[in-house]
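This report refers to the structure that appears directly beneath it.
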Amino acid sequence: MIPPIANNFVAGEDAPAALNHARALNADGVGAILNLLGEHYDERTEAVADAAAYCGLVDDIAGTDLDACISVKPSQIGLDVSESVYRENLADIVDRARERDVFVWMDMEGHTTTDTTLDAFEAEVTDYPKMGLCVQSNLKRTREDLERLVDLPGTVRLVKGAYTPPKELAYREKSEVNRRYRADLEYLFEHADHVAVGSHDPEMISHALDLHDGFGTDFEIQMLMGVRETAQFALADAGYEVNQYVPYGGKWLQYFYRRVRERKENALFALRAVVGN
Ligand SMILES: Cc1cc2nc3c(=O)[nH]c(=O)nc-3n(C[C@H](O)[C@H](O)[C@H](O)COP(=O)(O)OP(=O)(O)OC[C@H]3O[C@@H](n4cnc5c(N)ncnc54)[C@H](O)[C@@H]3O)c2cc1C
């Protein structure tokens, strides 16, 4: 069982727990992006099993009236095994999503996977536009990728980037990443039909609201479960589209550890829970 402290960041160990969380979010006006935890599989069988689990999740979502969709990591469905295994598994998930009319997000991983992920997205989204791809503003190549993506169907989720690529390929200074993120948001609001703002940063959210006022472009805000949830609900109350990224599954420990490490407040919060205060 997931201990109460990790429950803040992870919805539970199985799909029913994730769907229950989605239902509670929906009651407060927030949509759910469900992510089965798992990544970097070396074995085809593991990748196929998670792809099958996503197909099952698509069926579960379609069998309800929930405002929910899925988000898949490439290395979870075979990218580290081979490109063909990855493509086959992705095609299975997208085929099922098309049959059941469920939106599919693709997460973006380390810089060595960007081209393969973009190519796979392009191949699928051309037939099924209810898809979105995450793009990282800390990569120097991103403007060119956005120019390619705004000509395709589908939606871009813009994030700052959770990985640390080599400095020849990426901006490392926080201020520079923020500057790039603002500029990329501007580009998307000017050229895309819909923008997903994947950030907890109040400055970036307020920049997006200004850009929406200026360009009139439709947008949504995406934040992680357990992070700035008061702001998530307040934005939804104010009438903005907010979707929460909701991880679940047996592999919760590593994910929880990452959330705790990235922020001092989370670490203190975890410590307080352990010492029982
Ligand atoms: C929905 C979603 C999906 C994502 N998918 C991917 C992906 O596929 N690939 C990828 O590389 N990255 C992904 N990320 C992670 C992203 O790249 C960033 O690493 C992460 O969001 C931190 O950047 P930030 O813009 O939220 O804020 P930061 O630059 O980390 O912080 C800026 C400000 O935001 C606020 N803030 C940030 N975190 C917290 C917190 N924990 N608690 C309270 N306030 C906080 C604070 O005011 C802080 O000063 C995703 C993020 C989200 C929200």
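Numbering starts fresh at 1 for the residues of each chain in the structure tokens, the chains themselves are lettered A, B, ... in the order given, and ligands are numbered from 1 as they appear.
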
Per DSSP on the backbone, what are the helix (DSSP H, G or I) residues of region 110-209 of chain A, as number ranges by chain? A: 111-125, 142-149, 174-191, 202-209

Deliver the residues from the most recent selection as a file, using N, CA and C atoms, as a short mmCIF file (atom, residue, chain, number, x, y, z; two decimals), in the first residue's frame.
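After the write, part00.cif holds the following:
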```cif
data_model
loop_
_atom_site.label_atom_id
_atom_site.label_comp_id
_atom_site.auth_asym_id
_atom_site.auth_seq_id
_atom_site.Cartn_x
_atom_site.Cartn_y
_atom_site.Cartn_z
N HIS A 111 17.35 13.97 -24.24
CA HIS A 111 17.57 14.57 -25.56
C HIS A 111 17.88 13.55 -26.67
N THR A 112 18.38 12.37 -26.30
CA THR A 112 18.70 11.38 -27.34
C THR A 112 17.43 10.77 -27.94
N THR A 113 16.29 11.02 -27.30
CA THR A 113 15.04 10.41 -27.78
C THR A 113 14.15 11.41 -28.53
N THR A 114 14.60 12.67 -28.62
CA THR A 114 13.70 13.70 -29.16
C THR A 114 13.26 13.39 -30.60
N ASP A 115 14.24 13.07 -31.47
CA ASP A 115 13.89 12.84 -32.88
C ASP A 115 12.93 11.67 -33.04
N THR A 116 13.25 10.56 -32.36
CA THR A 116 12.40 9.36 -32.49
C THR A 116 10.99 9.64 -31.98
N THR A 117 10.92 10.40 -30.88
CA THR A 117 9.61 10.69 -30.29
C THR A 117 8.80 11.60 -31.22
N LEU A 118 9.46 12.63 -31.77
CA LEU A 118 8.77 13.52 -32.70
C LEU A 118 8.28 12.76 -33.94
N ASP A 119 9.15 11.90 -34.49
CA ASP A 119 8.77 11.16 -35.70
C ASP A 119 7.57 10.25 -35.42
N ALA A 120 7.61 9.57 -34.27
CA ALA A 120 6.51 8.66 -33.93
C ALA A 120 5.22 9.46 -33.73
N PHE A 121 5.33 10.61 -33.07
CA PHE A 121 4.16 11.46 -32.86
C PHE A 121 3.58 11.89 -34.21
N GLU A 122 4.46 12.35 -35.10
CA GLU A 122 3.99 12.83 -36.42
C GLU A 122 3.26 11.70 -37.17
N ALA A 123 3.83 10.49 -37.10
CA ALA A 123 3.21 9.37 -37.82
C ALA A 123 1.81 9.08 -37.31
N GLU A 124 1.61 9.21 -36.00
CA GLU A 124 0.31 8.86 -35.42
C GLU A 124 -0.70 10.01 -35.49
N VAL A 125 -0.22 11.23 -35.22
CA VAL A 125 -1.17 12.34 -35.09
C VAL A 125 -1.80 12.71 -36.42
N THR A 142 14.45 23.52 -29.77
CA THR A 142 12.99 23.50 -29.61
C THR A 142 12.23 24.42 -30.56
N ARG A 143 12.77 25.63 -30.85
CA ARG A 143 12.01 26.51 -31.74
C ARG A 143 11.76 25.82 -33.10
N GLU A 144 12.83 25.15 -33.60
CA GLU A 144 12.64 24.45 -34.89
C GLU A 144 11.59 23.34 -34.76
N ASP A 145 11.62 22.62 -33.64
CA ASP A 145 10.62 21.56 -33.45
C ASP A 145 9.21 22.15 -33.39
N LEU A 146 9.08 23.31 -32.75
CA LEU A 146 7.75 23.93 -32.66
C LEU A 146 7.26 24.34 -34.05
N GLU A 147 8.20 24.82 -34.88
CA GLU A 147 7.80 25.22 -36.24
C GLU A 147 7.25 24.01 -37.00
N ARG A 148 7.85 22.85 -36.76
CA ARG A 148 7.34 21.62 -37.39
C ARG A 148 5.99 21.23 -36.78
N LEU A 149 5.87 21.34 -35.47
CA LEU A 149 4.67 20.84 -34.79
C LEU A 149 3.44 21.70 -35.04
N LYS A 174 18.87 28.93 -15.16
CA LYS A 174 17.43 29.01 -14.91
C LYS A 174 16.81 30.23 -15.61
N SER A 175 17.52 31.38 -15.54
CA SER A 175 16.96 32.61 -16.14
C SER A 175 16.84 32.46 -17.66
N GLU A 176 17.80 31.76 -18.27
CA GLU A 176 17.76 31.56 -19.72
C GLU A 176 16.62 30.60 -20.10
N VAL A 177 16.47 29.54 -19.30
CA VAL A 177 15.37 28.59 -19.57
C VAL A 177 14.03 29.33 -19.45
N ASN A 178 13.91 30.18 -18.44
CA ASN A 178 12.67 30.95 -18.28
C ASN A 178 12.43 31.86 -19.48
N ARG A 179 13.51 32.49 -19.95
CA ARG A 179 13.40 33.39 -21.10
C ARG A 179 12.94 32.60 -22.34
N ARG A 180 13.53 31.43 -22.53
CA ARG A 180 13.15 30.59 -23.67
C ARG A 180 11.70 30.12 -23.54
N TYR A 181 11.32 29.75 -22.31
CA TYR A 181 9.95 29.25 -22.10
C TYR A 181 8.93 30.33 -22.47
N ARG A 182 9.22 31.58 -22.03
CA ARG A 182 8.31 32.68 -22.37
C ARG A 182 8.22 32.86 -23.88
N ALA A 183 9.39 32.83 -24.54
CA ALA A 183 9.41 33.05 -25.99
C ALA A 183 8.69 31.91 -26.72
N ASP A 184 8.90 30.68 -26.25
CA ASP A 184 8.22 29.54 -26.90
C ASP A 184 6.70 29.63 -26.70
N LEU A 185 6.31 30.06 -25.49
CA LEU A 185 4.87 30.24 -25.26
C LEU A 185 4.30 31.27 -26.24
N GLU A 186 5.04 32.38 -26.41
CA GLU A 186 4.58 33.42 -27.33
C GLU A 186 4.41 32.84 -28.73
N TYR A 187 5.42 32.05 -29.16
CA TYR A 187 5.36 31.45 -30.50
C TYR A 187 4.12 30.57 -30.62
N LEU A 188 3.87 29.74 -29.60
CA LEU A 188 2.73 28.82 -29.68
C LEU A 188 1.40 29.57 -29.67
N PHE A 189 1.27 30.56 -28.79
CA PHE A 189 0.01 31.31 -28.76
C PHE A 189 -0.23 32.02 -30.09
N GLU A 190 0.86 32.41 -30.77
CA GLU A 190 0.69 33.09 -32.05
C GLU A 190 0.36 32.10 -33.18
N HIS A 191 0.93 30.88 -33.13
CA HIS A 191 0.83 30.00 -34.30
C HIS A 191 -0.01 28.74 -34.12
N PRO A 202 4.13 30.54 -11.34
CA PRO A 202 3.10 31.59 -11.42
C PRO A 202 3.40 32.62 -12.50
N GLU A 203 4.70 32.91 -12.73
CA GLU A 203 5.03 33.91 -13.77
C GLU A 203 4.68 33.40 -15.16
N MET A 204 4.91 32.12 -15.40
CA MET A 204 4.60 31.57 -16.73
C MET A 204 3.08 31.46 -16.92
N ILE A 205 2.38 31.13 -15.84
CA ILE A 205 0.92 31.03 -15.95
C ILE A 205 0.35 32.42 -16.26
N SER A 206 0.88 33.43 -15.57
CA SER A 206 0.32 34.76 -15.82
C SER A 206 0.71 35.26 -17.22
N HIS A 207 1.90 34.87 -17.69
CA HIS A 207 2.29 35.20 -19.08
C HIS A 207 1.31 34.55 -20.07
N ALA A 208 0.96 33.30 -19.79
CA ALA A 208 0.01 32.59 -20.68
C ALA A 208 -1.36 33.29 -20.68
N LEU A 209 -1.80 33.74 -19.51
CA LEU A 209 -3.10 34.42 -19.46
C LEU A 209 -3.05 35.71 -20.30
#
```

Within 9 Å of ligand 1, which residues of chain A show up? Give each one with its shortest atom-to-atom distance in Å (one decimal) and the two atoms involved, counting only C-alpha atoms and all ligand atoms, rows by chain then rising residue number, as CSV.
```
residue,atom,partner,partner_atom_place_in_ligand_line,distance
A:Ile33,CA,ligand 1,1 (C),8.0
A:Ser71,CA,ligand 1,8 (O),8.5
A:Val72,CA,ligand 1,8 (O),8.6
A:Lys73,CA,ligand 1,8 (O),7.3
A:Trp105,CA,ligand 1,8 (O),8.9
A:Met106,CA,ligand 1,8 (O),7.0
A:Asp107,CA,ligand 1,8 (O),3.4
A:Met108,CA,ligand 1,8 (O),4.1
A:Glu109,CA,ligand 1,9 (N),5.4
A:Gly110,CA,ligand 1,11 (O),7.1
A:Leu133,CA,ligand 1,8 (O),8.0
A:Cys134,CA,ligand 1,8 (O),5.1
A:Val135,CA,ligand 1,9 (N),7.1
A:Gln136,CA,ligand 1,11 (O),5.9
A:Ser137,CA,ligand 1,17 (O),8.2
A:Asn138,CA,ligand 1,17 (O),8.6
A:Arg157,CA,ligand 1,3 (C),7.5
A:Leu158,CA,ligand 1,17 (O),8.1
A:Val159,CA,ligand 1,17 (O),4.4
A:Lys160,CA,ligand 1,17 (O),4.3
A:Gly161,CA,ligand 1,17 (O),3.2
A:Ala162,CA,ligand 1,19 (O),3.7
A:Tyr163,CA,ligand 1,11 (O),5.5
A:Thr164,CA,ligand 1,11 (O),8.9
A:Lys174,CA,ligand 1,29 (O),7.2
A:Val177,CA,ligand 1,29 (O),8.3
A:Asn178,CA,ligand 1,29 (O),7.3
A:Tyr181,CA,ligand 1,25 (O),8.6
A:Ala196,CA,ligand 1,1 (C),8.7
A:Val197,CA,ligand 1,53 (C),8.0
A:Gly198,CA,ligand 1,53 (C),4.4
A:Ser199,CA,ligand 1,26 (O),3.8
A:His200,CA,ligand 1,26 (O),3.7
A:Asp201,CA,ligand 1,34 (O),3.1
A:Pro202,CA,ligand 1,47 (O),5.9
A:Glu203,CA,ligand 1,33 (C),7.5
A:Met204,CA,ligand 1,25 (O),7.4
A:Ile221,CA,ligand 1,1 (C),8.0
A:Gln222,CA,ligand 1,1 (C),4.4
A:Met223,CA,ligand 1,53 (C),3.7
A:Leu224,CA,ligand 1,53 (C),4.8
A:Met225,CA,ligand 1,1 (C),8.5
A:Gly226,CA,ligand 1,41 (N),7.8
A:Val227,CA,ligand 1,41 (N),5.0
A:Arg228,CA,ligand 1,43 (C),5.2
A:Glu229,CA,ligand 1,43 (C),8.9
A:Asn243,CA,ligand 1,1 (C),7.6
A:Gln244,CA,ligand 1,1 (C),6.4
A:Tyr245,CA,ligand 1,1 (C),4.9
A:Val246,CA,ligand 1,1 (C),8.5
A:Arg259,CA,ligand 1,41 (N),7.3
A:Val260,CA,ligand 1,41 (N),8.5
A:Glu262,CA,ligand 1,41 (N),7.3
A:Arg263,CA,ligand 1,41 (N),5.9
A:Lys264,CA,ligand 1,41 (N),8.8
A:Glu265,CA,ligand 1,42 (N),7.4
A:Asn266,CA,ligand 1,41 (N),7.0
```

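One distance worth recording is that between CA of Arg98 (chain A) and CA of Val10 (chain A), which is 27.1 Å.
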
When you look at Asp92 (chain A) with a cut-off of 9 Å (counting only C-alpha atoms), what residues show up, excluding the ones that are within fewer than 4 positions of it in the same chain? I need them as a list in words. Ala51, Ala52, Cys55, Arg87, Glu88, Arg96 and Ala97 of chain A

Would you put the residues from that selection into a file with C-alpha atoms, as a compact mmCIF listing (two decimals), in the first residue's frame?
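The resulting out37.txt:
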```txt
# COMPACT_ATOMS: atom_id res chain seq x y z
CA ALA A 51 1.10 -0.86 -23.54
CA ALA A 52 -1.64 -3.43 -22.82
CA CYS A 55 -5.20 -0.05 -23.71
CA ARG A 87 6.26 2.16 -32.72
CA GLU A 88 4.18 -1.05 -32.54
CA ARG A 96 -7.47 1.72 -29.11
CA ALA A 97 -7.73 5.43 -28.20
```

Identify, on the basis of only C-alpha atoms, every residue whose closest approach to Gly216 (chain A) does not exceed 10 Å; exclude the query and any residue fewer than 3 positions from it along the same chain; express the result as a PyMOL selection string. chain A and resi 189-190+193-194+209-213+219

Quick one: residues within 7 Å of Gly31 (chain A), only C-alpha atoms counted, chain neighbours fewer than 6 positions away excluded, as JSON, numbers by chain? {"A": [22, 25, 67, 68, 242, 243, 244]}

For C-alpha atoms, I'd like the residues from the last selection saved as a tab-separated table (two decimals), in the first residue's frame.
```tsv
chain	number	residue	atom	x	y	z
A	22	ALA	CA	-9.94	11.55	-11.61
A	25	LEU	CA	-10.71	16.11	-9.59
A	67	ASP	CA	-12.88	14.00	-18.13
A	68	ALA	CA	-9.66	11.98	-18.33
A	242	VAL	CA	-6.91	22.88	-15.90
A	243	ASN	CA	-5.71	19.30	-16.23
A	244	GLN	CA	-3.79	17.49	-13.55
```

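Excluding Ser75 (chain A) itself and same-chain residues fewer than 3 positions from it, the residues having an atom within 9 Å of it are Gly38, Glu39, His40, Tyr41, Asp42, Ala47, Val72, Gly78, Leu79, Asp80, Val81, Tyr86, Glu109 and Thr113 of chain A, counting only C-alpha atoms.
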
Atoms to include: C-alpha atoms. Write the selected residues as a PDB file, in the first residue's frame.
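Resulting contents of part10.pdb:
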```
ATOM      1  CA  GLY A  38       7.195   2.981 -15.472  1.00  0.00           C
ATOM      2  CA  GLU A  39      10.159   3.853 -17.697  1.00  0.00           C
ATOM      3  CA  HIS A  40      13.365   2.601 -19.295  1.00  0.00           C
ATOM      4  CA  TYR A  41      12.351  -0.985 -19.854  1.00  0.00           C
ATOM      5  CA  ASP A  42      15.006  -3.176 -21.497  1.00  0.00           C
ATOM      6  CA  ALA A  47       6.949  -2.686 -22.662  1.00  0.00           C
ATOM      7  CA  VAL A  72       2.659   7.711 -22.062  1.00  0.00           C
ATOM      8  CA  GLY A  78       9.770   0.047 -25.742  1.00  0.00           C
ATOM      9  CA  LEU A  79      11.973   2.913 -26.942  1.00  0.00           C
ATOM     10  CA  ASP A  80      15.003   1.440 -25.114  1.00  0.00           C
ATOM     11  CA  VAL A  81      14.278  -1.990 -26.627  1.00  0.00           C
ATOM     12  CA  TYR A  86       8.139   1.344 -29.509  1.00  0.00           C
ATOM     13  CA  GLU A 109      12.318  12.070 -22.215  1.00  0.00           C
ATOM     14  CA  THR A 113      15.042  10.412 -27.775  1.00  0.00           C
TER      15      THR A 113
END
```

Tell me, in Å to one decimal, how far CA of Tyr248 (chain A) is from CA of Ala18 (chain A).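 CA of Ala18 (chain A) lies 6.2 Å from CA of Tyr248 (chain A).
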
Residue with the minimum atom-to-atom distance to Ala53 (chain A), picked from A:Ala11, A:Lys140, A:Glu99, A:Gly249 with only C-alpha atoms counted, is A:Gly249
